[in-house]
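So this one's protein_16.cif, mmCIF, N, CA and C atoms, pLDDT in the B column; chains and numbers go by the auth columns:
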data_start
#
loop_
_atom_site.group_PDB
_atom_site.id
_atom_site.type_symbol
_atom_site.label_atom_id
_atom_site.label_comp_id
_atom_site.label_asym_id
_atom_site.label_seq_id
_atom_site.Cartn_x
_atom_site.Cartn_y
_atom_site.Cartn_z
_atom_site.B_iso_or_equiv
_atom_site.auth_seq_id
_atom_site.auth_asym_id
ATOM 1 N N LEU A 1 -9.391 -2.099 36.664 84.00 21 A
ATOM 2 C CA LEU A 1 -8.344 -2.673 35.844 84.00 21 A
ATOM 3 C C LEU A 1 -7.393 -3.481 36.711 84.00 21 A
ATOM 4 N N THR A 2 -7.098 -4.660 36.250 94.00 22 A
ATOM 5 C CA THR A 2 -6.143 -5.503 36.967 94.00 22 A
ATOM 6 C C THR A 2 -4.771 -5.384 36.314 94.00 22 A
ATOM 7 N N GLY A 3 -3.783 -5.928 37.000 94.00 23 A
ATOM 8 C CA GLY A 3 -2.427 -5.898 36.463 94.00 23 A
ATOM 9 C C GLY A 3 -2.306 -6.683 35.170 94.00 23 A
ATOM 10 N N HIS A 4 -3.048 -7.795 35.071 95.00 24 A
ATOM 11 C CA HIS A 4 -3.003 -8.592 33.848 95.00 24 A
ATOM 12 C C HIS A 4 -3.592 -7.838 32.665 95.00 24 A
ATOM 13 N N VAL A 5 -4.662 -7.101 32.918 94.00 25 A
ATOM 14 C CA VAL A 5 -5.303 -6.342 31.846 94.00 25 A
ATOM 15 C C VAL A 5 -4.372 -5.242 31.352 94.00 25 A
ATOM 16 N N VAL A 6 -3.761 -4.534 32.272 93.00 26 A
ATOM 17 C CA VAL A 6 -2.842 -3.453 31.900 93.00 26 A
ATOM 18 C C VAL A 6 -1.622 -4.017 31.174 93.00 26 A
ATOM 19 N N ALA A 7 -1.073 -5.128 31.673 92.00 27 A
ATOM 20 C CA ALA A 7 0.083 -5.733 31.016 92.00 27 A
ATOM 21 C C ALA A 7 -0.282 -6.196 29.604 92.00 27 A
ATOM 22 N N GLY A 8 -1.457 -6.775 29.443 90.00 28 A
ATOM 23 C CA GLY A 8 -1.900 -7.195 28.113 90.00 28 A
ATOM 24 C C GLY A 8 -2.073 -6.020 27.177 90.00 28 A
ATOM 25 N N LEU A 9 -2.638 -4.946 27.674 91.00 29 A
ATOM 26 C CA LEU A 9 -2.826 -3.752 26.857 91.00 29 A
ATOM 27 C C LEU A 9 -1.496 -3.138 26.448 91.00 29 A
ATOM 28 N N VAL A 10 -0.558 -3.088 27.386 89.00 30 A
ATOM 29 C CA VAL A 10 0.768 -2.545 27.066 89.00 30 A
ATOM 30 C C VAL A 10 1.451 -3.420 26.027 89.00 30 A
ATOM 31 N N TRP A 11 1.351 -4.737 26.165 87.00 31 A
ATOM 32 C CA TRP A 11 1.973 -5.630 25.179 87.00 31 A
ATOM 33 C C TRP A 11 1.356 -5.427 23.805 87.00 31 A
ATOM 34 N N LEU A 12 0.035 -5.376 23.733 87.00 32 A
ATOM 35 C CA LEU A 12 -0.616 -5.194 22.442 87.00 32 A
ATOM 36 C C LEU A 12 -0.306 -3.837 21.829 87.00 32 A
ATOM 37 N N ALA A 13 -0.276 -2.810 22.658 86.00 33 A
ATOM 38 C CA ALA A 13 -0.073 -1.459 22.143 86.00 33 A
ATOM 39 C C ALA A 13 1.377 -1.196 21.778 86.00 33 A
ATOM 40 N N ALA A 14 2.311 -1.678 22.563 87.00 34 A
ATOM 41 C CA ALA A 14 3.709 -1.319 22.344 87.00 34 A
ATOM 42 C C ALA A 14 4.563 -2.513 21.929 87.00 34 A
ATOM 43 N N GLY A 15 4.534 -3.561 22.699 82.00 35 A
ATOM 44 C CA GLY A 15 5.436 -4.690 22.475 82.00 35 A
ATOM 45 C C GLY A 15 5.252 -5.369 21.136 82.00 35 A
ATOM 46 N N SER A 16 4.059 -5.888 20.886 80.00 36 A
ATOM 47 C CA SER A 16 3.855 -6.623 19.642 80.00 36 A
ATOM 48 C C SER A 16 3.920 -5.696 18.430 80.00 36 A
ATOM 49 N N HIS A 17 3.460 -4.474 18.597 81.00 37 A
ATOM 50 C CA HIS A 17 3.487 -3.526 17.482 81.00 37 A
ATOM 51 C C HIS A 17 4.926 -3.199 17.089 81.00 37 A
ATOM 52 N N CYS A 18 5.747 -2.848 18.057 85.00 38 A
ATOM 53 C CA CYS A 18 7.139 -2.505 17.762 85.00 38 A
ATOM 54 C C CYS A 18 7.907 -3.714 17.260 85.00 38 A
ATOM 55 N N PHE A 19 7.698 -4.883 17.877 87.00 39 A
ATOM 56 C CA PHE A 19 8.378 -6.088 17.428 87.00 39 A
ATOM 57 C C PHE A 19 7.939 -6.445 16.009 87.00 39 A
ATOM 58 N N GLY A 20 6.647 -6.376 15.748 85.00 40 A
ATOM 59 C CA GLY A 20 6.141 -6.685 14.415 85.00 40 A
ATOM 60 C C GLY A 20 6.680 -5.749 13.352 85.00 40 A
ATOM 61 N N LEU A 21 6.730 -4.473 13.648 87.00 41 A
ATOM 62 C CA LEU A 21 7.261 -3.516 12.682 87.00 41 A
ATOM 63 C C LEU A 21 8.753 -3.723 12.447 87.00 41 A
ATOM 64 N N THR A 22 9.487 -4.065 13.498 90.00 42 A
ATOM 65 C CA THR A 22 10.914 -4.321 13.340 90.00 42 A
ATOM 66 C C THR A 22 11.143 -5.493 12.396 90.00 42 A
ATOM 67 N N VAL A 23 10.411 -6.570 12.613 88.00 43 A
ATOM 68 C CA VAL A 23 10.551 -7.751 11.751 88.00 43 A
ATOM 69 C C VAL A 23 10.104 -7.422 10.330 88.00 43 A
ATOM 70 N N TRP A 24 8.986 -6.689 10.196 86.00 44 A
ATOM 71 C CA TRP A 24 8.455 -6.344 8.872 86.00 44 A
ATOM 72 C C TRP A 24 9.449 -5.493 8.078 86.00 44 A
ATOM 73 N N TYR A 25 10.016 -4.462 8.714 90.00 45 A
ATOM 74 C CA TYR A 25 10.949 -3.589 8.006 90.00 45 A
ATOM 75 C C TYR A 25 12.253 -4.301 7.670 90.00 45 A
ATOM 76 N N ARG A 26 12.718 -5.181 8.528 92.00 46 A
ATOM 77 C CA ARG A 26 13.917 -5.964 8.195 92.00 46 A
ATOM 78 C C ARG A 26 13.637 -6.889 7.019 92.00 46 A
ATOM 79 N N GLY A 27 12.451 -7.472 6.995 89.00 47 A
ATOM 80 C CA GLY A 27 12.076 -8.322 5.870 89.00 47 A
ATOM 81 C C GLY A 27 12.000 -7.534 4.573 89.00 47 A
ATOM 82 N N MET A 28 11.427 -6.327 4.633 90.00 48 A
ATOM 83 C CA MET A 28 11.358 -5.491 3.435 90.00 48 A
ATOM 84 C C MET A 28 12.748 -5.112 2.957 90.00 48 A
ATOM 85 N N ALA A 29 13.650 -4.837 3.883 93.00 49 A
ATOM 86 C CA ALA A 29 15.014 -4.497 3.491 93.00 49 A
ATOM 87 C C ALA A 29 15.709 -5.692 2.851 93.00 49 A
ATOM 88 N N ALA A 30 15.390 -6.883 3.312 94.00 50 A
ATOM 89 C CA ALA A 30 16.056 -8.083 2.792 94.00 50 A
ATOM 90 C C ALA A 30 15.547 -8.470 1.406 94.00 50 A
ATOM 91 N N ILE A 31 14.220 -8.410 1.187 90.00 51 A
ATOM 92 C CA ILE A 31 13.686 -8.899 -0.095 90.00 51 A
ATOM 93 C C ILE A 31 13.176 -7.793 -1.003 90.00 51 A
ATOM 94 N N GLY A 32 13.145 -6.572 -0.526 90.00 52 A
ATOM 95 C CA GLY A 32 12.686 -5.453 -1.342 90.00 52 A
ATOM 96 C C GLY A 32 11.235 -5.098 -1.020 90.00 52 A
ATOM 97 N N VAL A 33 10.938 -3.828 -1.112 88.00 53 A
ATOM 98 C CA VAL A 33 9.625 -3.323 -0.738 88.00 53 A
ATOM 99 C C VAL A 33 8.524 -3.877 -1.648 88.00 53 A
ATOM 100 N N ALA A 34 8.771 -3.896 -2.941 82.00 54 A
ATOM 101 C CA ALA A 34 7.738 -4.357 -3.880 82.00 54 A
ATOM 102 C C ALA A 34 7.397 -5.827 -3.655 82.00 54 A
ATOM 103 N N ARG A 35 8.408 -6.655 -3.492 83.00 55 A
ATOM 104 C CA ARG A 35 8.167 -8.088 -3.281 83.00 55 A
ATOM 105 C C ARG A 35 7.502 -8.328 -1.924 83.00 55 A
ATOM 106 N N ALA A 36 7.897 -7.577 -0.905 85.00 56 A
ATOM 107 C CA ALA A 36 7.298 -7.738 0.422 85.00 56 A
ATOM 108 C C ALA A 36 5.829 -7.337 0.411 85.00 56 A
ATOM 109 N N SER A 37 5.488 -6.291 -0.316 81.00 57 A
ATOM 110 C CA SER A 37 4.083 -5.877 -0.360 81.00 57 A
ATOM 111 C C SER A 37 3.241 -6.901 -1.107 81.00 57 A
ATOM 112 N N GLN A 38 3.803 -7.530 -2.138 76.00 58 A
ATOM 113 C CA GLN A 38 3.090 -8.597 -2.831 76.00 58 A
ATOM 114 C C GLN A 38 2.935 -9.821 -1.929 76.00 58 A
ATOM 115 N N LEU A 39 3.967 -10.118 -1.158 78.00 59 A
ATOM 116 C CA LEU A 39 3.905 -11.247 -0.242 78.00 59 A
ATOM 117 C C LEU A 39 2.834 -11.039 0.821 78.00 59 A
ATOM 118 N N GLN A 40 2.646 -9.812 1.239 83.00 60 A
ATOM 119 C CA GLN A 40 1.636 -9.509 2.257 83.00 60 A
ATOM 120 C C GLN A 40 0.232 -9.840 1.758 83.00 60 A
ATOM 121 N N LEU A 41 0.044 -9.803 0.458 79.00 61 A
ATOM 122 C CA LEU A 41 -1.264 -10.135 -0.097 79.00 61 A
ATOM 123 C C LEU A 41 -1.600 -11.614 0.086 79.00 61 A
ATOM 124 N N ALA A 42 -0.618 -12.445 0.390 79.00 62 A
ATOM 125 C CA ALA A 42 -0.870 -13.867 0.646 79.00 62 A
ATOM 126 C C ALA A 42 -1.426 -14.109 2.042 79.00 62 A
ATOM 127 N N GLN A 43 -1.494 -13.090 2.853 81.00 63 A
ATOM 128 C CA GLN A 43 -1.962 -13.237 4.224 81.00 63 A
ATOM 129 C C GLN A 43 -3.368 -13.814 4.333 81.00 63 A
ATOM 130 N N PRO A 44 -4.333 -13.440 3.487 79.00 64 A
ATOM 131 C CA PRO A 44 -5.660 -14.044 3.636 79.00 64 A
ATOM 132 C C PRO A 44 -5.653 -15.565 3.510 79.00 64 A
ATOM 133 N N LEU A 45 -4.885 -16.098 2.570 81.00 65 A
ATOM 134 C CA LEU A 45 -4.828 -17.552 2.426 81.00 65 A
ATOM 135 C C LEU A 45 -4.166 -18.188 3.642 81.00 65 A
ATOM 136 N N LEU A 46 -3.083 -17.597 4.119 84.00 66 A
ATOM 137 C CA LEU A 46 -2.418 -18.130 5.301 84.00 66 A
ATOM 138 C C LEU A 46 -3.332 -18.075 6.519 84.00 66 A
ATOM 139 N N THR A 47 -4.125 -17.019 6.637 86.00 67 A
ATOM 140 C CA THR A 47 -5.074 -16.907 7.735 86.00 67 A
ATOM 141 C C THR A 47 -6.134 -17.987 7.647 86.00 67 A
ATOM 142 N N LEU A 48 -6.637 -18.258 6.442 86.00 68 A
ATOM 143 C CA LEU A 48 -7.630 -19.316 6.269 86.00 68 A
ATOM 144 C C LEU A 48 -7.051 -20.680 6.633 86.00 68 A
ATOM 145 N N VAL A 49 -5.843 -20.959 6.182 88.00 69 A
ATOM 146 C CA VAL A 49 -5.213 -22.249 6.479 88.00 69 A
ATOM 147 C C VAL A 49 -5.016 -22.406 7.979 88.00 69 A
ATOM 148 N N CYS A 50 -4.515 -21.372 8.627 90.00 70 A
ATOM 149 C CA CYS A 50 -4.302 -21.441 10.079 90.00 70 A
ATOM 150 C C CYS A 50 -5.614 -21.579 10.839 90.00 70 A
ATOM 151 N N SER A 51 -6.657 -20.897 10.395 91.00 71 A
ATOM 152 C CA SER A 51 -7.936 -20.991 11.098 91.00 71 A
ATOM 153 C C SER A 51 -8.533 -22.386 10.989 91.00 71 A
ATOM 154 N N VAL A 52 -8.331 -23.046 9.856 91.00 72 A
ATOM 155 C CA VAL A 52 -8.835 -24.415 9.701 91.00 72 A
ATOM 156 C C VAL A 52 -7.995 -25.388 10.530 91.00 72 A
ATOM 157 N N LEU A 53 -6.662 -25.271 10.418 93.00 73 A
ATOM 158 C CA LEU A 53 -5.787 -26.222 11.103 93.00 73 A
ATOM 159 C C LEU A 53 -5.755 -26.031 12.616 93.00 73 A
ATOM 160 N N LEU A 54 -5.720 -24.791 13.060 94.00 74 A
ATOM 161 C CA LEU A 54 -5.557 -24.532 14.490 94.00 74 A
ATOM 162 C C LEU A 54 -6.870 -24.375 15.251 94.00 74 A
ATOM 163 N N LEU A 55 -7.876 -23.818 14.587 93.00 75 A
ATOM 164 C CA LEU A 55 -9.134 -23.521 15.283 93.00 75 A
ATOM 165 C C LEU A 55 -10.296 -24.403 14.863 93.00 75 A
ATOM 166 N N GLY A 56 -10.086 -25.214 13.839 92.00 76 A
ATOM 167 C CA GLY A 56 -11.163 -26.093 13.388 92.00 76 A
ATOM 168 C C GLY A 56 -12.301 -25.368 12.696 92.00 76 A
ATOM 169 N N GLU A 57 -12.017 -24.235 12.080 91.00 77 A
ATOM 170 C CA GLU A 57 -13.045 -23.464 11.382 91.00 77 A
ATOM 171 C C GLU A 57 -13.562 -24.233 10.170 91.00 77 A
ATOM 172 N N HIS A 58 -14.814 -24.005 9.846 90.00 78 A
ATOM 173 C CA HIS A 58 -15.413 -24.564 8.635 90.00 78 A
ATOM 174 C C HIS A 58 -15.596 -23.426 7.643 90.00 78 A
ATOM 175 N N LEU A 59 -15.087 -23.608 6.445 87.00 79 A
ATOM 176 C CA LEU A 59 -15.108 -22.545 5.451 87.00 79 A
ATOM 177 C C LEU A 59 -16.184 -22.791 4.411 87.00 79 A
ATOM 178 N N THR A 60 -16.749 -21.706 3.923 90.00 80 A
ATOM 179 C CA THR A 60 -17.612 -21.808 2.751 90.00 80 A
ATOM 180 C C THR A 60 -16.709 -21.879 1.524 90.00 80 A
ATOM 181 N N LEU A 61 -17.268 -22.191 0.401 90.00 81 A
ATOM 182 C CA LEU A 61 -16.477 -22.319 -0.820 90.00 81 A
ATOM 183 C C LEU A 61 -15.912 -20.975 -1.274 90.00 81 A
ATOM 184 N N ALA A 62 -16.606 -19.884 -0.981 91.00 82 A
ATOM 185 C CA ALA A 62 -16.179 -18.565 -1.454 91.00 82 A
ATOM 186 C C ALA A 62 -14.856 -18.118 -0.842 91.00 82 A
ATOM 187 N N ALA A 63 -14.598 -18.428 0.422 87.00 83 A
ATOM 188 C CA ALA A 63 -13.390 -17.948 1.090 87.00 83 A
ATOM 189 C C ALA A 63 -12.114 -18.523 0.467 87.00 83 A
ATOM 190 N N PRO A 64 -11.991 -19.838 0.305 83.00 84 A
ATOM 191 C CA PRO A 64 -10.764 -20.334 -0.338 83.00 84 A
ATOM 192 C C PRO A 64 -10.641 -19.914 -1.797 83.00 84 A
ATOM 193 N N LEU A 65 -11.750 -19.802 -2.501 89.00 85 A
ATOM 194 C CA LEU A 65 -11.685 -19.361 -3.898 89.00 85 A
ATOM 195 C C LEU A 65 -11.164 -17.929 -3.999 89.00 85 A
ATOM 196 N N ALA A 66 -11.628 -17.071 -3.121 87.00 86 A
ATOM 197 C CA ALA A 66 -11.148 -15.689 -3.126 87.00 86 A
ATOM 198 C C ALA A 66 -9.665 -15.625 -2.776 87.00 86 A
ATOM 199 N N ALA A 67 -9.242 -16.421 -1.794 82.00 87 A
ATOM 200 C CA ALA A 67 -7.834 -16.428 -1.401 82.00 87 A
ATOM 201 C C ALA A 67 -6.953 -16.959 -2.535 82.00 87 A
ATOM 202 N N VAL A 68 -7.399 -17.987 -3.213 85.00 88 A
ATOM 203 C CA VAL A 68 -6.637 -18.513 -4.349 85.00 88 A
ATOM 204 C C VAL A 68 -6.597 -17.485 -5.477 85.00 88 A
ATOM 205 N N GLY A 69 -7.685 -16.757 -5.680 88.00 89 A
ATOM 206 C CA GLY A 69 -7.697 -15.691 -6.681 88.00 89 A
ATOM 207 C C GLY A 69 -6.650 -14.628 -6.382 88.00 89 A
ATOM 208 N N VAL A 70 -6.504 -14.276 -5.119 83.00 90 A
ATOM 209 C CA VAL A 70 -5.483 -13.309 -4.723 83.00 90 A
ATOM 210 C C VAL A 70 -4.093 -13.867 -5.008 83.00 90 A
ATOM 211 N N LEU A 71 -3.875 -15.143 -4.690 82.00 91 A
ATOM 212 C CA LEU A 71 -2.570 -15.753 -4.960 82.00 91 A
ATOM 213 C C LEU A 71 -2.255 -15.786 -6.450 82.00 91 A
ATOM 214 N N VAL A 72 -3.251 -16.051 -7.271 87.00 92 A
ATOM 215 C CA VAL A 72 -3.041 -16.045 -8.719 87.00 92 A
ATOM 216 C C VAL A 72 -2.613 -14.650 -9.172 87.00 92 A
ATOM 217 N N CYS A 73 -3.254 -13.635 -8.638 85.00 93 A
ATOM 218 C CA CYS A 73 -2.877 -12.253 -8.985 85.00 93 A
ATOM 219 C C CYS A 73 -1.442 -11.953 -8.551 85.00 93 A
ATOM 220 N N ILE A 74 -1.036 -12.458 -7.384 79.00 94 A
ATOM 221 C CA ILE A 74 0.331 -12.252 -6.917 79.00 94 A
ATOM 222 C C ILE A 74 1.323 -12.895 -7.879 79.00 94 A
ATOM 223 N N VAL A 75 1.046 -14.135 -8.262 83.00 95 A
ATOM 224 C CA VAL A 75 1.952 -14.844 -9.176 83.00 95 A
ATOM 225 C C VAL A 75 2.044 -14.119 -10.513 83.00 95 A
ATOM 226 N N VAL A 76 0.915 -13.650 -11.041 87.00 96 A
ATOM 227 C CA VAL A 76 0.913 -12.956 -12.328 87.00 96 A
ATOM 228 C C VAL A 76 1.734 -11.673 -12.246 87.00 96 A
ATOM 229 N N THR A 77 1.555 -10.907 -11.173 80.00 97 A
ATOM 230 C CA THR A 77 2.308 -9.650 -11.061 80.00 97 A
ATOM 231 C C THR A 77 3.790 -9.896 -10.837 80.00 97 A
ATOM 232 N N GLN A 78 4.143 -10.948 -10.112 75.00 98 A
ATOM 233 C CA GLN A 78 5.557 -11.244 -9.882 75.00 98 A
ATOM 234 C C GLN A 78 6.227 -11.672 -11.187 75.00 98 A
ATOM 235 N N ARG A 79 5.548 -12.422 -12.006 78.00 99 A
ATOM 236 C CA ARG A 79 6.138 -12.865 -13.280 78.00 99 A
ATOM 237 C C ARG A 79 6.203 -11.723 -14.282 78.00 99 A
ATOM 238 N N ALA A 80 5.275 -10.784 -14.196 73.00 100 A
ATOM 239 C CA ALA A 80 5.270 -9.661 -15.128 73.00 100 A
ATOM 240 C C ALA A 80 6.462 -8.726 -14.861 73.00 100 A
ATOM 241 N N LYS A 81 6.917 -8.665 -13.629 63.00 101 A
ATOM 242 C CA LYS A 81 8.029 -7.786 -13.285 63.00 101 A
ATOM 243 C C LYS A 81 9.361 -8.325 -13.746 63.00 101 A
ATOM 244 N N SER A 82 9.487 -9.651 -13.847 59.00 102 A
ATOM 245 C CA SER A 82 10.794 -10.222 -14.176 59.00 102 A
ATOM 246 C C SER A 82 11.002 -10.438 -15.634 59.00 102 A
#

As structure tokens, the full file:
Amino acid sequence: LTGHVVAGLVWLAAGSHCFGLTVWYRGMAAIGVARASQLQLAQPLLTLVCSVLLLGEHLTLAAPLAAVGVLVCIVVTQRAKS
């Protein structure tokens, strides 16, 4: 094991995890737990967009359709609550 490997492992195990949870919980406190959990469901679409724009990925038709289906479900549930 090199110093870089250990430092990377420590960052992944502790640093990014704790930082990510801190940001996530502050966001939930700001917008509410229910809305934050619905927002998290948009992650697949955001991941697809980032993979195409940043990594040059080529998508099949099923992946964007499934992600849009999830977004439609999010919109329907958000409107049903209000």

**OP:** For CA of Leu75 (chain A) and atom N of Met48 (chain A), quote the distance in Å rounded to one decimal.
**Re:**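 It comes out at 28.8 Å.
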
Original post:
Just how far from CA of Trp44 (chain A) is CA of Leu65 (chain A), in Å to one decimal?
Top reply: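 Computed distance, CA of Leu65 (chain A) to CA of Trp44 (chain A), equals 18.5 Å.
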
Taking all atoms of region 52-67 of chain A that the file lists, what box with edges along x, y and z, padded by 6 Å per side, do you get, with centre and edge lengths in Å to one decimal, as lines of an AutoDock Vina configuration file?
center_x = 3.5
center_y = -10.8
center_z = 1.9
size_x = 31.3
size_y = 26.9
size_z = 23.6

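With atom N of Ala87 (chain A) on one side and CA of Cys38 (chain A) on the other, the separation reads 29.1 Å.
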
Original post:
Hey, which of A:Val43, A:Ala82, A:Gly35, A:Val92 ends up closest to Ala56 (chain A)? Count only C-alpha atoms.
Top reply: A:Val43
